[in-house]
file data-v3.txt (compact mmCIF, C-alpha atoms)
# COMPACT_ATOMS: atom_id res chain seq x y z
CA MET A 1 78.83 84.15 112.69
CA SER A 2 79.79 86.19 109.62
CA LEU A 3 82.46 85.02 107.20
CA HIS A 4 85.84 86.67 107.65
CA PRO A 5 86.58 89.09 104.76
CA ALA A 6 89.91 87.38 103.95
CA VAL A 7 88.26 83.97 103.62
CA ALA A 8 85.49 85.53 101.54
CA ALA A 9 88.00 87.22 99.24
CA VAL A 10 89.73 83.92 98.44
CA ARG A 11 86.46 82.07 97.89
CA ILE A 12 85.09 84.80 95.64
CA GLY A 13 88.28 84.67 93.59
CA VAL A 14 87.81 80.94 93.04
CA ARG A 15 84.09 81.25 92.32
CA ARG A 16 84.56 83.93 89.69
CA CYS A 17 87.53 82.25 88.06
CA LEU A 18 85.77 78.89 87.72
CA ALA A 19 82.27 80.15 86.92
CA ASP A 20 82.33 78.35 83.56
CA VAL A 21 83.52 74.97 84.91
CA PRO A 22 80.62 72.49 84.84
CA SER A 23 79.61 70.13 87.62
CA GLY A 24 81.45 66.83 87.50
CA SER A 25 84.70 68.40 86.28
CA THR A 26 88.06 67.77 87.89
CA VAL A 27 89.95 70.79 89.18
CA ILE A 28 93.58 70.46 90.23
CA VAL A 29 95.12 72.84 92.75
CA ALA A 30 98.91 73.17 92.67
CA CYS A 31 99.97 73.37 96.30
CA SER A 32 103.38 74.19 97.75
CA GLY A 33 102.30 74.20 101.38
CA GLY A 34 102.51 77.99 101.59
CA ALA A 35 99.67 80.26 102.67
CA ASP A 36 98.66 81.22 99.13
CA SER A 37 98.20 77.71 97.79
CA LEU A 38 96.68 76.26 100.97
CA ALA A 39 94.13 79.08 101.16
CA LEU A 40 93.40 78.43 97.48
CA LEU A 41 92.93 74.70 98.06
CA ALA A 42 90.62 75.24 101.05
CA ALA A 43 88.50 77.71 99.07
CA THR A 44 88.35 75.43 96.02
CA VAL A 45 87.24 72.48 98.15
CA PHE A 46 84.52 74.66 99.70
CA GLU A 47 83.32 76.01 96.34
CA GLY A 48 83.69 72.56 94.77
CA GLU A 49 81.22 71.04 97.19
CA ARG A 50 78.63 73.54 96.01
CA ALA A 51 79.53 73.38 92.32
CA GLY A 52 80.07 69.63 92.07
CA TRP A 53 83.76 69.67 91.16
CA ARG A 54 86.21 66.93 92.01
CA VAL A 55 89.16 68.72 93.61
CA VAL A 56 92.62 67.16 93.38
CA GLY A 57 95.60 68.55 95.27
CA ALA A 58 99.02 68.31 93.65
CA THR A 59 102.42 69.16 95.11
CA VAL A 60 105.77 69.15 93.34
CA ASP A 61 109.04 68.52 95.16
CA HIS A 62 111.88 70.26 93.31
CA GLY A 63 114.52 68.70 95.56
CA LEU A 64 116.28 72.05 95.92
CA GLN A 65 116.20 72.26 99.72
CA ALA A 66 117.24 69.88 102.47
CA GLY A 67 114.26 67.93 103.75
CA SER A 68 112.11 68.73 100.72
CA ASP A 69 110.87 65.14 100.51
CA GLU A 70 109.58 65.22 104.10
CA HIS A 71 107.94 68.57 103.39
CA ALA A 72 106.21 67.17 100.31
CA THR A 73 104.89 64.26 102.38
CA ARG A 74 103.44 66.71 104.93
CA VAL A 75 101.79 68.74 102.18
CA VAL A 76 100.17 65.63 100.70
CA ALA A 77 98.71 64.77 104.12
CA GLN A 78 97.58 68.36 104.64
CA MET A 79 95.82 68.47 101.25
CA ALA A 80 93.88 65.34 102.22
CA THR A 81 92.96 66.86 105.57
CA LEU A 82 91.63 69.97 103.82
CA GLY A 83 89.25 67.80 101.83
CA ALA A 84 90.91 67.12 98.48
CA ALA A 85 89.24 64.13 96.82
CA GLU A 86 92.65 62.86 95.75
CA THR A 87 96.22 63.97 96.25
CA VAL A 88 99.30 63.70 94.06
CA GLY A 89 102.94 64.19 95.02
CA ALA A 90 105.65 64.32 92.36
CA ARG A 91 109.40 64.83 92.54
CA VAL A 92 111.28 66.49 89.69
CA HIS A 93 114.94 66.83 88.86
CA VAL A 94 115.78 70.45 88.11
CA GLU A 95 118.46 71.03 85.51
CA ALA A 96 119.38 74.65 84.82
CA GLY A 97 120.46 74.11 81.20
CA GLY A 98 121.36 77.77 80.84
CA LEU A 99 118.36 78.96 82.88
CA GLY A 100 118.51 80.45 86.36
CA PRO A 101 117.42 78.23 89.27
CA GLU A 102 114.00 79.88 89.55
CA ALA A 103 113.27 79.57 85.83
CA ALA A 104 114.52 75.98 85.70
CA ALA A 105 112.35 75.00 88.68
CA ARG A 106 109.34 76.71 87.11
CA GLN A 107 109.89 74.87 83.83
CA ALA A 108 110.14 71.50 85.60
CA ARG A 109 107.06 72.28 87.71
CA TYR A 110 104.88 73.16 84.73
CA ALA A 111 105.99 70.02 82.92
CA VAL A 112 104.80 67.77 85.74
CA LEU A 113 101.61 69.79 86.30
CA GLU A 114 100.81 69.39 82.61
CA GLU A 115 101.26 65.64 82.95
CA ILE A 116 99.02 65.53 86.02
CA GLY A 117 96.38 67.70 84.31
CA SER A 118 96.34 65.37 81.31
CA ARG A 119 96.15 62.25 83.48
CA PHE A 120 93.05 63.54 85.28
CA SER A 121 91.54 65.22 82.18
CA ALA A 122 91.31 68.31 84.36
CA ALA A 123 89.13 71.22 83.36
CA ALA A 124 91.52 73.57 85.16
CA VAL A 125 94.81 73.61 87.02
CA LEU A 126 94.83 76.38 89.61
CA LEU A 127 97.93 78.37 90.54
CA GLY A 128 98.18 80.36 93.76
CA HIS A 129 99.77 83.59 92.52
CA THR A 130 98.42 86.65 94.32
CA ARG A 131 98.12 90.34 93.57
CA ASP A 132 101.47 90.86 95.30
CA ASP A 133 103.12 88.32 93.02
CA GLN A 134 101.70 90.22 90.05
CA ALA A 135 103.07 93.52 91.35
CA GLU A 136 106.52 91.96 91.78
CA THR A 137 106.39 90.64 88.22
CA VAL A 138 105.52 94.08 86.85
CA LEU A 139 108.40 95.71 88.74
CA LEU A 140 110.84 93.07 87.53
CA GLY A 141 109.69 93.64 83.95
CA LEU A 142 110.18 97.38 84.31
CA ALA A 143 113.62 96.97 85.84
CA ARG A 144 114.77 94.64 83.07
CA GLY A 145 113.41 96.80 80.26
CA SER A 146 111.60 93.75 78.94
CA GLY A 147 108.85 95.64 77.14
CA GLY A 148 105.09 95.52 77.38
CA ARG A 149 104.89 91.74 77.35
CA SER A 150 106.74 91.46 80.68
CA VAL A 151 105.20 94.56 82.24
CA ALA A 152 101.77 93.09 81.46
CA GLY A 153 102.61 90.50 84.11
CA MET A 154 101.13 87.05 84.55
CA ARG A 155 98.11 86.00 82.57
CA ARG A 156 94.91 85.21 84.45
CA GLY A 157 94.62 82.04 82.42
CA PHE A 158 96.32 80.11 79.66
CA ASP A 159 95.72 76.61 78.31
CA ARG A 160 94.18 74.77 81.28
CA TYR A 161 95.92 76.97 83.89
CA ARG A 162 94.10 79.65 85.88
CA ARG A 163 95.10 82.12 88.59
CA PRO A 164 92.08 82.84 90.82
CA LEU A 165 93.95 84.98 93.36
CA LEU A 166 95.33 87.81 91.21
CA ASP A 167 92.86 90.18 92.88
CA VAL A 168 93.65 88.86 96.37
CA SER A 169 96.52 90.16 98.51
CA ARG A 170 99.13 87.94 100.13
CA ASP A 171 98.04 89.31 103.51
CA ASP A 172 94.53 87.99 102.83
CA THR A 173 95.76 84.47 102.06
CA VAL A 174 97.80 84.46 105.28
CA THR A 175 94.84 85.75 107.28
CA ALA A 176 92.50 83.23 105.64
CA CYS A 177 94.76 80.39 106.74
CA GLN A 178 95.00 81.77 110.27
CA VAL A 179 91.23 82.18 110.54
CA GLU A 180 90.61 78.65 109.26
CA GLY A 181 93.30 77.13 111.46
CA ILE A 182 95.53 76.06 108.56
CA ASP A 183 99.22 75.76 109.36
CA PHE A 184 101.32 76.95 106.43
CA TRP A 185 104.97 76.80 105.44
CA SER A 186 107.09 79.88 104.82
CA ASP A 187 109.58 79.13 102.05
CA PRO A 188 113.00 80.48 103.12
CA HIS A 189 113.78 81.20 99.45
CA ASN A 190 111.11 83.92 99.56
CA ALA A 191 113.29 85.94 101.92
CA ASP A 192 116.66 84.96 100.48
CA PRO A 193 118.37 88.11 99.14
CA ARG A 194 120.27 86.05 96.56
CA PHE A 195 117.08 85.95 94.50
CA THR A 196 116.00 89.11 92.68
CA ARG A 197 112.30 88.51 93.30
CA SER A 198 112.96 88.12 97.01
CA ARG A 199 114.70 91.51 97.10
CA VAL A 200 111.77 93.09 95.28
CA ARG A 201 109.39 91.51 97.79
CA THR A 202 111.26 92.34 100.99
CA ARG A 203 113.01 95.61 100.08
CA VAL A 204 111.69 97.36 96.98
CA LEU A 205 107.91 97.09 97.40
CA PRO A 206 108.00 98.07 101.11
CA VAL A 207 110.01 101.21 100.22
CA LEU A 208 107.50 102.11 97.49
CA GLU A 209 104.63 101.62 99.95
CA ASP A 210 106.40 103.81 102.51
CA GLU A 211 107.26 106.59 100.07
CA LEU A 212 104.21 106.57 97.79
CA GLY A 213 101.56 105.38 100.20
CA PRO A 214 99.62 102.12 100.51
CA GLY A 215 98.07 100.51 97.47
CA VAL A 216 101.15 100.40 95.23
CA ALA A 217 100.86 96.63 94.73
CA ALA A 218 97.20 96.94 93.72
CA THR A 219 98.03 99.77 91.31
CA LEU A 220 100.84 97.79 89.69
CA ALA A 221 98.58 94.76 89.32
CA ARG A 222 95.87 96.91 87.76
CA THR A 223 98.41 98.28 85.30
CA ALA A 224 99.27 94.71 84.32
CA ASP A 225 95.61 94.00 83.54
CA GLN A 226 95.31 97.09 81.37
CA LEU A 227 98.51 96.31 79.47
CA ARG A 228 97.57 92.65 79.07
CA ASP A 229 94.49 93.59 77.02
CA ASP A 230 96.63 95.79 74.77
CA MET A 231 99.32 93.13 74.35
CA GLU A 232 96.81 90.43 73.48
CA LEU A 233 95.19 92.62 70.81
CA LEU A 234 98.58 93.45 69.27
CA ASP A 235 99.53 89.78 69.33
CA GLN A 236 96.33 88.87 67.50
CA LEU A 237 96.88 91.54 64.86
CA ALA A 238 100.50 90.44 64.42
CA ALA A 239 99.50 86.78 64.03
CA ALA A 240 96.98 87.71 61.33
CA ALA A 241 99.57 89.86 59.52
CA TYR A 242 102.18 87.08 59.76
CA ASP A 243 99.78 84.59 58.19
CA ALA A 244 98.93 87.06 55.42
CA LEU A 245 102.58 87.83 54.61
CA GLY A 246 103.57 84.18 54.37
CA ASP A 247 106.94 82.45 54.58
CA PRO A 248 109.48 83.70 53.58
CA LEU A 249 108.54 87.21 54.57
CA PRO A 250 108.56 89.95 51.91
CA VAL A 251 110.77 92.83 53.03
CA ALA A 252 108.46 95.42 51.44
CA GLY A 253 105.46 93.99 53.25
CA LEU A 254 107.32 94.01 56.56
CA ALA A 255 108.48 97.58 56.06
CA ASP A 256 104.84 98.67 55.61
CA GLN A 257 103.88 97.29 59.05
CA PRO A 258 103.78 99.57 62.12
CA PRO A 259 106.84 98.93 64.33
CA ALA A 260 104.74 97.40 67.12
CA LEU A 261 103.37 94.79 64.73
CA ARG A 262 106.58 94.26 62.77
CA SER A 263 108.56 93.31 65.87
CA ARG A 264 105.90 90.78 66.82
CA ILE A 265 105.81 89.35 63.29
CA LEU A 266 109.56 88.90 63.35
CA ARG A 267 109.38 87.18 66.72
CA LEU A 268 106.69 84.81 65.44
CA ALA A 269 108.84 84.03 62.39
CA ALA A 270 111.87 83.31 64.56
CA LEU A 271 109.87 80.99 66.81
CA ALA A 272 108.41 79.20 63.78
CA ALA A 273 111.94 78.66 62.45
CA GLY A 274 112.95 76.95 65.69
CA ALA A 275 114.34 79.65 67.98
CA PRO A 276 113.52 78.76 71.63
CA ALA A 277 111.15 81.29 73.22
CA SER A 278 113.12 81.26 76.48
CA GLU A 279 116.30 82.35 74.67
CA LEU A 280 114.86 84.74 72.10
CA PHE A 281 115.36 88.29 73.38
CA HIS A 282 114.43 91.75 72.17
CA GLU A 283 117.97 92.30 70.91
CA HIS A 284 117.53 89.42 68.48
CA VAL A 285 114.29 90.89 67.16
CA LEU A 286 115.93 94.30 66.77
CA ALA A 287 118.73 92.72 64.73
CA LEU A 288 116.16 91.10 62.44
CA ASP A 289 114.32 94.41 62.16
CA ALA A 290 117.54 96.08 61.01
CA LEU A 291 117.58 93.71 58.03
CA VAL A 292 114.29 95.33 57.03
CA THR A 293 114.60 98.96 58.11
CA ALA A 294 118.36 99.60 58.22
CA TRP A 295 119.71 97.44 55.42
CA ARG A 296 123.40 98.09 54.79
CA GLY A 297 124.33 94.80 53.20
CA GLN A 298 124.45 92.77 56.42
CA LYS A 299 125.07 89.10 55.68
CA TRP A 300 122.86 87.52 58.31
CA VAL A 301 121.66 87.50 61.93
CA ASP A 302 122.35 84.49 64.15
CA LEU A 303 119.52 83.58 66.52
CA PRO A 304 119.23 81.06 69.37
CA GLY A 305 118.51 77.48 68.39
CA HIS A 306 120.92 77.58 65.42
CA VAL A 307 118.49 79.76 63.47
CA ARG A 308 119.75 82.32 60.98
CA GLY A 309 117.89 85.31 59.52
CA GLN A 310 119.03 86.58 56.15
CA ARG A 311 117.80 89.04 53.53
CA ARG A 312 117.75 87.56 50.02
CA ASP A 313 116.44 89.29 46.91
CA GLY A 314 113.75 91.23 48.76
CA TRP A 315 112.77 88.42 51.11
CA LEU A 316 113.56 87.82 54.79
CA VAL A 317 114.43 84.15 55.19
CA LEU A 318 114.70 82.46 58.57
CA GLU A 319 116.08 78.93 58.58
CA ARG A 320 118.27 76.52 60.48
CA SER A 321 121.95 77.25 60.06
CA THR A 322 124.27 74.37 59.19
call {"tool": "encode", "arguments": {"input": "data-v3.txt", "output": "structure tokens"}}
result
Amino acid sequence: MSLHPAVAAVRIGVRRCLADVPSGSTVIVACSGGADSLALLAATVFEGERAGWRVVGATVDHGLQAGSDEHATRVVAQMATLGAAETVGARVHVEAGGLGPEAAARQARYAVLEEIGSRFSAAAVLLGHTRDDQAETVLLGLARGSGGRSVAGMRRGFDRYRRPLLDVSRDDTVTACQVEGIDFWSDPHNADPRFTRSRVRTRVLPVLEDELGPGVAATLARTADQLRDDMELLDQLAAAAYDALGDPLPVAGLADQPPALRSRILRLAALAAGAPASELFHEHVLALDALVTAWRGQKWVDLPGHVRGQRRDGWLVLERST
């Protein structure tokens, strides 16, 4: 009996993504109980048996929905049934702290996954984002005018995290679960119109597919890959230029930089001075840039994190404000 194409697609995604992970390594799969993460776990267990990995399933209960603790217990049992060598369940307390509920939950989730990854000395922590998730991220970046960094979408990997399913459609993960007899949970938040991403998923992308033809999600995801390469190169060039310019930054040296690099240098300087990345927006960088390119005697620019940017005697100084 031949392997179903959907199951094959998920397994190939895992195999390619983890081709450099040696035998004996621990691989953690973050699992919500949805089709994407369960298909990912099943494929990783299958590939792990051949490659010699120890596969650990991890689920995080955000406590944001009624019955979330019972759901987390079911997911832990399901991960064991699918063949995970060990399972971990963790509950987190989500505090918005100025962030939206989705961002706050994501921040709490990554914090606990980082702790789990460190505890197991994991070679990789796998996330179940699909090609459709990538397309949604690109559209959200376009709609918000967030620049190339956001339109470039989610990275395929960073630190110990990897996303094996960015070339796999959500339909394929659902079909893979159905073919393998895996019951999966459908998160009601994914269809809740209160959330912007849910509206993109259920309303915007279907309209684009209807009006422009099938394949829009794949095209958007491909665009993200192309932009990601460009963004990473620009980031590398900006980091090298920032190191060469030093701290404080010479206004003349900044003015000589191309705008695409100068904005990145200013962002790096603001982060180094203590501005939180989650609160540092393009408007802040533009205000700093005006101290270099549109100097009219401005006194200073206030940035998040009680950081202040000021032009002094030909230097751009970023420091904590008192």
call {"tool": "residues_near_point", "arguments": {"input": "data-v3.txt", "point": "(114.7, 87.2, 78.5)", "cutoff": "10 Å", "atoms": "all atoms listed in the file", "output": "list in words"}}
result
Gly141, Arg144, Gly145, Ser146, Ser150, Ala277, Ser278, Glu279, Leu280, Phe281, His282 and Glu283 of chain A
call {"tool": "residues_near_point", "arguments": {"input": "data-v3.txt", "point": "(109.9, 87.3, 60.6)", "cutoff": "9 Å", "atoms": "only C-alpha atoms", "output": "PyMOL selection string"}}
result
chain A and resi 242+247-249+254+262-272+285+288-289+309+316-318
call {"tool": "closest_residue", "arguments": {"input": "data-v3.txt", "among": "A:Val56, A:Ala135, A:Ile12, A:Ala35", "to": "A:Gly215", "atoms": "all atoms listed in the file"}}
result
A:Ala135
call {"tool": "residues_around", "arguments": {"input": "data-v3.txt", "residues": "A:Thr293", "least_positions_apart": "3", "cutoff": "12 Å", "atoms": "only C-alpha atoms", "output": "list in words"}}
result
Val251, Ala252, Gly253, Leu254, Ala255, Asp256, Gln257, Pro258, Pro259, Arg262, Ser263, Leu286, Ala287, Leu288, Asp289, Ala290, Arg296, Gly297, Gln298, Arg311 and Leu316 of chain A
call {"tool": "atom_distance", "arguments": {"input": "data-v3.txt", "atom1": "atom CA of A:Leu38", "atom2": "atom CA of A:Arg222"}}
result
24.5 Å
call {"tool": "closest_residue", "arguments": {"input": "data-v3.txt", "among": "A:Asp230, A:Asp183, A:Asp171, A:Asp20", "to": "A:Trp53", "atoms": "only C-alpha atoms"}}
result
A:Asp20
call {"tool": "atom_distance", "arguments": {"input": "data-v3.txt", "atom1": "atom CA of A:Ala39", "atom2": "atom CA of A:Gln178"}}
result
9.5 Å
call {"tool": "residues_around", "arguments": {"input": "data-v3.txt", "residues": "A:Ala124", "least_positions_apart": "3", "cutoff": "9 Å", "atoms": "only C-alpha atoms", "output": "MDAnalysis selection string"}}
result
chainID A and resid 18 21 25:29 117 121 159:162
call {"tool": "build_atoms", "arguments": {"input": "data-v3.txt", "residues": "stretch 124-141 of chain A", "atoms": "N, CA and C atoms", "output": "mmCIF file, in the frame of the given file"}}
result
data_model
loop_
_atom_site.group_PDB
_atom_site.id
_atom_site.type_symbol
_atom_site.label_atom_id
_atom_site.label_comp_id
_atom_site.auth_asym_id
_atom_site.auth_seq_id
_atom_site.Cartn_x
_atom_site.Cartn_y
_atom_site.Cartn_z
ATOM 1 N N ALA A 124 90.681 72.427 84.782
ATOM 2 C CA ALA A 124 91.520 73.570 85.160
ATOM 3 C C ALA A 124 92.590 73.119 86.134
ATOM 4 N N VAL A 125 93.741 73.752 86.031
ATOM 5 C CA VAL A 125 94.810 73.610 87.020
ATOM 6 C C VAL A 125 95.007 74.987 87.632
ATOM 7 N N LEU A 126 94.801 75.088 88.939
ATOM 8 C CA LEU A 126 94.830 76.380 89.610
ATOM 9 C C LEU A 126 96.202 76.665 90.214
ATOM 10 N N LEU A 127 96.658 77.904 90.011
ATOM 11 C CA LEU A 127 97.930 78.370 90.540
ATOM 12 C C LEU A 127 97.670 79.461 91.563
ATOM 13 N N GLY A 128 98.466 79.490 92.625
ATOM 14 C CA GLY A 128 98.180 80.360 93.760
ATOM 15 C C GLY A 128 98.831 81.729 93.737
ATOM 16 N N HIS A 129 99.149 82.267 92.570
ATOM 17 C CA HIS A 129 99.770 83.590 92.520
ATOM 18 C C HIS A 129 98.782 84.670 92.947
ATOM 19 N N THR A 130 99.261 85.596 93.773
ATOM 20 C CA THR A 130 98.420 86.650 94.320
ATOM 21 C C THR A 130 98.678 87.992 93.632
ATOM 22 N N ARG A 131 97.932 88.983 94.071
ATOM 23 C CA ARG A 131 98.120 90.340 93.570
ATOM 24 C C ARG A 131 99.535 90.841 93.843
ATOM 25 N N ASP A 132 100.103 90.454 94.975
ATOM 26 C CA ASP A 132 101.470 90.860 95.300
ATOM 27 C C ASP A 132 102.474 90.230 94.344
ATOM 28 N N ASP A 133 102.254 88.971 93.999
ATOM 29 C CA ASP A 133 103.120 88.320 93.020
ATOM 30 C C ASP A 133 103.060 89.051 91.679
ATOM 31 N N GLN A 134 101.849 89.481 91.313
ATOM 32 C CA GLN A 134 101.700 90.220 90.050
ATOM 33 C C GLN A 134 102.455 91.543 90.095
ATOM 34 N N ALA A 135 102.358 92.241 91.215
ATOM 35 C CA ALA A 135 103.070 93.520 91.350
ATOM 36 C C ALA A 135 104.572 93.320 91.251
ATOM 37 N N GLU A 136 105.087 92.257 91.862
ATOM 38 C CA GLU A 136 106.520 91.960 91.780
ATOM 39 C C GLU A 136 106.937 91.689 90.337
ATOM 40 N N THR A 137 106.091 90.965 89.612
ATOM 41 C CA THR A 137 106.390 90.640 88.220
ATOM 42 C C THR A 137 106.449 91.894 87.361
ATOM 43 N N VAL A 138 105.533 92.819 87.602
ATOM 44 C CA VAL A 138 105.520 94.080 86.850
ATOM 45 C C VAL A 138 106.797 94.873 87.131
ATOM 46 N N LEU A 139 107.187 94.972 88.395
ATOM 47 C CA LEU A 139 108.400 95.710 88.740
ATOM 48 C C LEU A 139 109.644 95.075 88.123
ATOM 49 N N LEU A 140 109.706 93.756 88.134
ATOM 50 C CA LEU A 140 110.840 93.070 87.530
ATOM 51 C C LEU A 140 110.894 93.336 86.022
ATOM 52 N N GLY A 141 109.738 93.342 85.377
ATOM 53 C CA GLY A 141 109.690 93.640 83.950
ATOM 54 C C GLY A 141 110.151 95.052 83.649
#
